[in-house]
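So this one's model-v1.txt, compact mmCIF, C-alpha atoms:
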```txt
# COMPACT_ATOMS: atom_id res chain seq x y z
CA MET A 1 0.00 0.00 0.00
CA VAL A 2 2.74 2.44 0.95
CA SER A 3 4.81 1.64 -2.14
CA LYS A 4 1.94 2.72 -4.37
CA HIS A 5 2.00 6.15 -2.68
CA ILE A 6 5.75 6.61 -2.27
CA HIS A 7 5.86 9.80 -4.38
CA LEU A 8 3.09 11.32 -2.28
CA LEU A 9 4.72 10.33 1.02
CA LYS A 10 7.94 12.01 -0.14
CA ASP A 11 5.96 15.12 -1.09
CA LEU A 12 4.30 15.27 2.33
CA ALA A 13 7.69 14.93 4.08
CA LEU A 14 9.07 17.72 1.87
CA ILE A 15 6.18 19.98 2.91
CA ASP A 16 7.00 19.44 6.56
CA GLU A 17 10.62 20.37 5.88
CA SER A 18 9.95 23.27 3.51
CA PHE A 19 7.41 25.10 5.64
CA GLN A 20 8.61 24.16 9.14
CA THR A 21 10.40 27.45 9.82
CA SER A 22 7.93 29.76 8.10
CA HIS A 23 4.84 28.09 9.60
CA LEU A 24 2.92 28.96 6.42
CA PHE A 25 1.51 25.46 5.96
CA ARG A 26 1.22 22.43 8.18
CA ILE A 27 -0.39 19.08 7.59
CA LYS A 28 -3.49 18.80 9.75
CA LYS A 29 -3.25 15.02 10.11
CA LYS A 30 0.30 13.70 10.19
CA ILE A 31 0.85 10.52 8.23
CA ASP A 32 3.39 8.04 9.53
CA ALA A 33 4.60 5.74 6.76
CA SER A 34 6.00 3.29 9.31
CA THR A 35 2.49 2.39 10.46
CA CYS A 36 1.14 1.20 7.14
CA ASP A 37 -2.02 -0.25 8.63
CA ALA A 38 -3.10 3.18 9.91
CA ILE A 39 -2.80 4.85 6.51
CA HIS A 40 -6.04 5.01 4.57
CA ASP A 41 -6.23 5.94 0.91
CA SER A 42 -8.37 8.95 1.81
CA ASP A 43 -5.67 10.28 4.18
CA LEU A 44 -3.22 10.20 1.31
CA THR A 45 -5.46 11.26 -1.54
CA HIS A 46 -7.11 14.14 0.35
CA PRO A 47 -4.47 15.66 2.63
CA VAL A 48 -5.69 18.66 4.59
CA PHE A 49 -3.34 21.55 5.26
CA VAL A 50 -3.61 24.53 7.55
CA TYR A 51 -2.47 27.74 5.86
CA THR A 52 -1.40 30.61 8.10
CA PRO A 53 -0.70 33.64 5.87
CA GLN A 54 2.00 36.00 7.09
CA GLN A 55 0.73 39.10 5.25
CA ALA A 56 -2.24 41.43 5.51
CA PRO A 57 -5.16 41.21 5.21
CA TYR A 58 -5.06 37.55 6.32
CA ILE A 59 -2.69 37.76 9.31
CA GLY A 60 -4.05 35.91 12.32
CA GLY A 61 -6.21 33.60 10.25
CA GLU A 62 -5.87 29.87 9.80
CA PHE A 63 -7.37 28.51 6.62
CA GLU A 64 -7.92 24.81 6.00
CA LEU A 65 -7.42 23.61 2.47
CA GLU A 66 -7.65 20.19 0.93
CA ILE A 67 -5.77 18.91 -2.07
CA SER A 68 -7.60 16.07 -3.84
CA LEU A 69 -5.05 13.81 -5.41
CA PRO A 70 -5.94 11.22 -8.02
CA LEU A 71 -4.70 7.70 -7.37
CA ASP A 72 -2.24 8.11 -10.24
CA TYR A 73 -0.69 11.26 -8.71
CA PRO A 74 1.43 13.01 -9.98
CA SER A 75 0.34 11.95 -13.50
CA THR A 76 -3.00 13.73 -13.14
CA THR A 77 -3.63 17.30 -11.98
CA PRO A 78 -4.60 17.64 -8.29
CA ARG A 79 -7.64 19.68 -7.25
CA VAL A 80 -7.35 22.33 -4.53
CA LYS A 81 -10.20 23.54 -2.35
CA PHE A 82 -10.25 25.87 0.65
CA ARG A 83 -12.44 24.45 3.42
CA THR A 84 -12.32 27.80 5.20
CA GLN A 85 -13.86 30.79 3.44
CA ILE A 86 -11.26 33.26 2.17
CA TYR A 87 -11.87 36.60 0.47
CA SER A 88 -9.57 36.29 -2.52
CA PRO A 89 -9.91 36.61 -6.28
CA ILE A 90 -8.08 33.29 -6.82
CA VAL A 91 -10.62 31.30 -4.79
CA ASP A 92 -14.19 30.88 -6.01
CA GLU A 93 -17.24 31.02 -3.75
CA SER A 94 -17.15 27.26 -3.15
CA GLY A 95 -13.45 27.37 -2.17
CA THR A 96 -12.06 25.93 -5.40
CA VAL A 97 -8.66 27.08 -6.65
CA SER A 98 -7.83 26.11 -10.22
CA CYS A 99 -6.53 29.34 -11.71
CA LEU A 100 -2.96 28.82 -10.47
CA PRO A 101 -0.44 28.60 -13.30
CA ILE A 102 1.06 25.41 -11.84
CA LEU A 103 -2.32 23.66 -11.94
CA GLN A 104 -3.15 24.92 -15.43
CA ARG A 105 0.16 23.63 -16.78
CA TRP A 106 0.53 20.58 -14.51
CA LEU A 107 0.72 18.01 -17.29
CA THR A 108 3.35 19.96 -19.23
CA TYR A 109 5.92 19.73 -16.41
CA PRO A 110 8.19 16.69 -16.16
CA MET A 111 6.72 14.29 -13.60
CA ASN A 112 9.68 14.50 -11.21
CA SER A 113 9.47 18.31 -11.10
CA ARG A 114 5.88 18.56 -9.78
CA SER A 115 5.16 18.56 -6.07
CA LEU A 116 2.57 19.53 -3.50
CA SER A 117 4.96 22.01 -1.91
CA ASP A 118 5.10 23.88 -5.23
CA ILE A 119 1.29 24.11 -5.26
CA LEU A 120 1.24 25.41 -1.69
CA ALA A 121 3.99 27.97 -2.38
CA GLU A 122 2.06 29.20 -5.41
CA ILE A 123 -1.16 29.50 -3.37
CA ASP A 124 0.65 31.70 -0.85
CA TYR A 125 2.26 33.77 -3.61
CA TYR A 126 -0.97 34.53 -5.48
CA ILE A 127 -3.02 35.11 -2.32
CA THR A 128 -0.55 37.81 -1.26
CA HIS A 129 0.53 39.14 -4.69
CA LEU A 130 -2.72 40.03 -6.39
CA GLU A 131 -0.91 42.28 -8.85
CA ASP A 132 0.33 39.12 -10.58
CA VAL A 133 -3.08 37.43 -10.90
CA ASP A 134 -4.07 37.21 -14.57
CA GLU A 135 -7.06 34.86 -14.53
CA PRO A 136 -8.97 35.19 -11.25
CA HIS A 137 -11.94 33.04 -10.26
CA ARG A 138 -13.68 36.18 -9.01
CA PRO A 139 -12.78 39.08 -11.32
CA THR A 140 -14.96 41.49 -9.32
CA LEU A 141 -12.73 41.01 -6.27
CA LEU A 142 -9.61 41.68 -8.32
CA THR A 143 -11.24 44.83 -9.72
CA GLU A 144 -12.20 45.86 -6.19
CA TRP A 145 -8.60 45.34 -5.03
CA LYS A 146 -7.30 47.47 -7.94
CA ASN A 147 -9.88 50.27 -7.66
CA ASP A 148 -10.47 50.41 -3.91
CA PRO A 149 -7.77 48.51 -2.03
CA VAL A 150 -8.85 49.96 1.31
CA LEU A 151 -12.32 48.44 0.92
CA PHE A 152 -10.88 45.11 -0.26
CA ILE A 153 -8.54 44.92 2.74
CA LYS A 154 -11.31 45.87 5.17
CA ILE A 155 -13.64 43.14 3.88
CA ALA A 156 -10.85 40.53 3.72
CA GLU A 157 -9.75 41.33 7.29
CA GLN A 158 -13.34 41.09 8.54
CA GLN A 159 -13.93 37.75 6.80
CA THR A 160 -10.64 36.43 8.15
CA LYS A 161 -11.68 37.34 11.70
CA GLU A 162 -15.08 35.71 11.23
CA SER A 163 -14.14 32.58 9.26
CA ALA A 164 -10.49 31.78 9.88
CA LYS A 165 -10.11 31.91 13.63
CA SER A 166 -6.79 30.60 14.85
CA GLN A 167 -6.99 27.03 16.15
CA LYS A 168 -5.17 26.04 19.31
CA ARG A 169 -2.61 23.38 18.45
```

Please express the file's structure as structure tokens.
Amino acid sequence: MVSKHIHLLKDLALIDESFQTSHLFRIKKKIDASTCDAIHDSDLTHPVFVYTPQQAPYIGGEFELEISLPLDYPSTTPRVKFRTQIYSPIVDESGTVSCLPILQRWLTYPMNSRSLSDILAEIDYYITHLEDVDEPHRPTLLTEWKNDPVLFIKIAEQQTKESAKSQKR
């Protein structure tokens, strides 16, 4: 069972290493490859991460997101969905994120150069660098950010306070 998911287990270990010091992302449910019996396919194919942005207007919020991985990962494009509501042009009303360049071009990258940590890094980049967003899920939010950034920040901060309360670890 574990051998079939070895690429994914390596990716999850890399995430722990990559984001350990920044605390941007953490895996909500740790997976221990040494206890094969305790690993369920759903734990591996739907890992849940906690995203703790380090920039305004999301500071202080903790956002859960799930990455749905096909059983033939990384050969097929993963799907990303925020479980916690976030006020961002790159996330649609249902929480889906598919407008990231890495997801749109997933199949064009060599298989050994695609990883979950790259997806997470790109999520953080585009959440906090709206000036680089070309194809938003919610164009009205991007227009709001461009035309009235004070209003955008106010609404995003309020939604973060209401929806993304910090969890005690």

Original post:
Which is closer to Gln159 of chain A than all the others in A:Trp145, A:Phe63, A:Phe49, A:Tyr126, using only C-alpha atoms?
Top reply: A:Phe63

Original post:
Near segment 146-148 of chain A, within 12 Å and counting all atoms listed in the file, which residues show up once chain neighbours fewer than 3 positions away are dropped, as a PyMOL selection string?
Top reply: chain A and resi 89+129-133+139-143+151-155

**OP:** Enter the distance from atom CA of Thr96 of chain A to atom CA of Ala156 of chain A, in Å, rounded to one decimal.
**Re:** 17.3 Å

**OP:** One decimal, Å: what's the distance from atom CA of Leu71 of chain A over to atom CA of Ile86 of chain A, could you say?
**Re:** 28.1 Å

Subject >> For Pro110 of chain A: contacts at 12 Å, all atoms listed in the file, fewer than 5 positions along chain excluded, given as an MDAnalysis selection string >> reply: chainID A and resid 74:76 105 115

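Atom CA of Glu135 of chain A to atom CA of Ile102 of chain A spans 12.7 Å [interatomic distance, one decimal].
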
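Restricting the calculation to all atoms listed in the file, the smallest distance between Leu14 of chain A and any of A:Glu157, A:Glu66, A:Asp118, A:Glu93 is found for A:Asp118.
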
**OP:** Determine, counting all atoms listed in the file, which protein, DNA and RNA residues have an atom within 12 Å of an atom of Gln158 of chain A; residues of the same chain fewer than 6 positions away are not included. Present the result as a PyMOL selection string.
**Re:** chain A and resi 56-61+85-87+151-152+164-165

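With all atoms listed in the file as the atoms that count, the residue of A:Ile119, A:Leu8, A:Ala13, A:Val91 with the shortest distance to Trp106 of chain A is A:Ile119.
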
Within 8 Å of Leu116 of chain A, counting all atoms listed in the file, which residues show up once you throw out same-chain ones fewer than 3 positions away? Write them as a PDB file with C-alpha atoms, in the coordinates of the input, please.
```pdb
ATOM      1  CA  ASP A  11       5.960  15.120  -1.090  1.00  0.00           C
ATOM      2  CA  LEU A  12       4.300  15.270   2.330  1.00  0.00           C
ATOM      3  CA  ILE A  15       6.180  19.980   2.910  1.00  0.00           C
ATOM      4  CA  ILE A 119       1.290  24.110  -5.260  1.00  0.00           C
ATOM      5  CA  LEU A 120       1.240  25.410  -1.690  1.00  0.00           C
TER       6      LEU A 120
END
```

**OP:** Find the residue from A:Leu9, A:Leu103, A:Leu24, A:Leu69 that sits nearest to Gln54 of chain A; use all atoms listed in the file when measuring.
**Re:** A:Leu24

**OP:** Determine, counting all atoms listed in the file, every residue of protein, DNA or RNA that lies within 6 Å of (-7.9, 18.9, -7.0) in the file coordinates, then give the result as a VMD selection string.
**Re:** chain A and resid 67 to 68 78 to 80

Saved selection, atoms kept: C-alpha atoms, as a PDB file, keeping the file's coordinate frame:
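Resulting contents of again35.pdb:
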```pdb
ATOM      1  CA  ILE A  67      -5.770  18.910  -2.070  1.00  0.00           C
ATOM      2  CA  SER A  68      -7.600  16.070  -3.840  1.00  0.00           C
ATOM      3  CA  PRO A  78      -4.600  17.640  -8.290  1.00  0.00           C
ATOM      4  CA  ARG A  79      -7.640  19.680  -7.250  1.00  0.00           C
ATOM      5  CA  VAL A  80      -7.350  22.330  -4.530  1.00  0.00           C
TER       6      VAL A  80
END
```
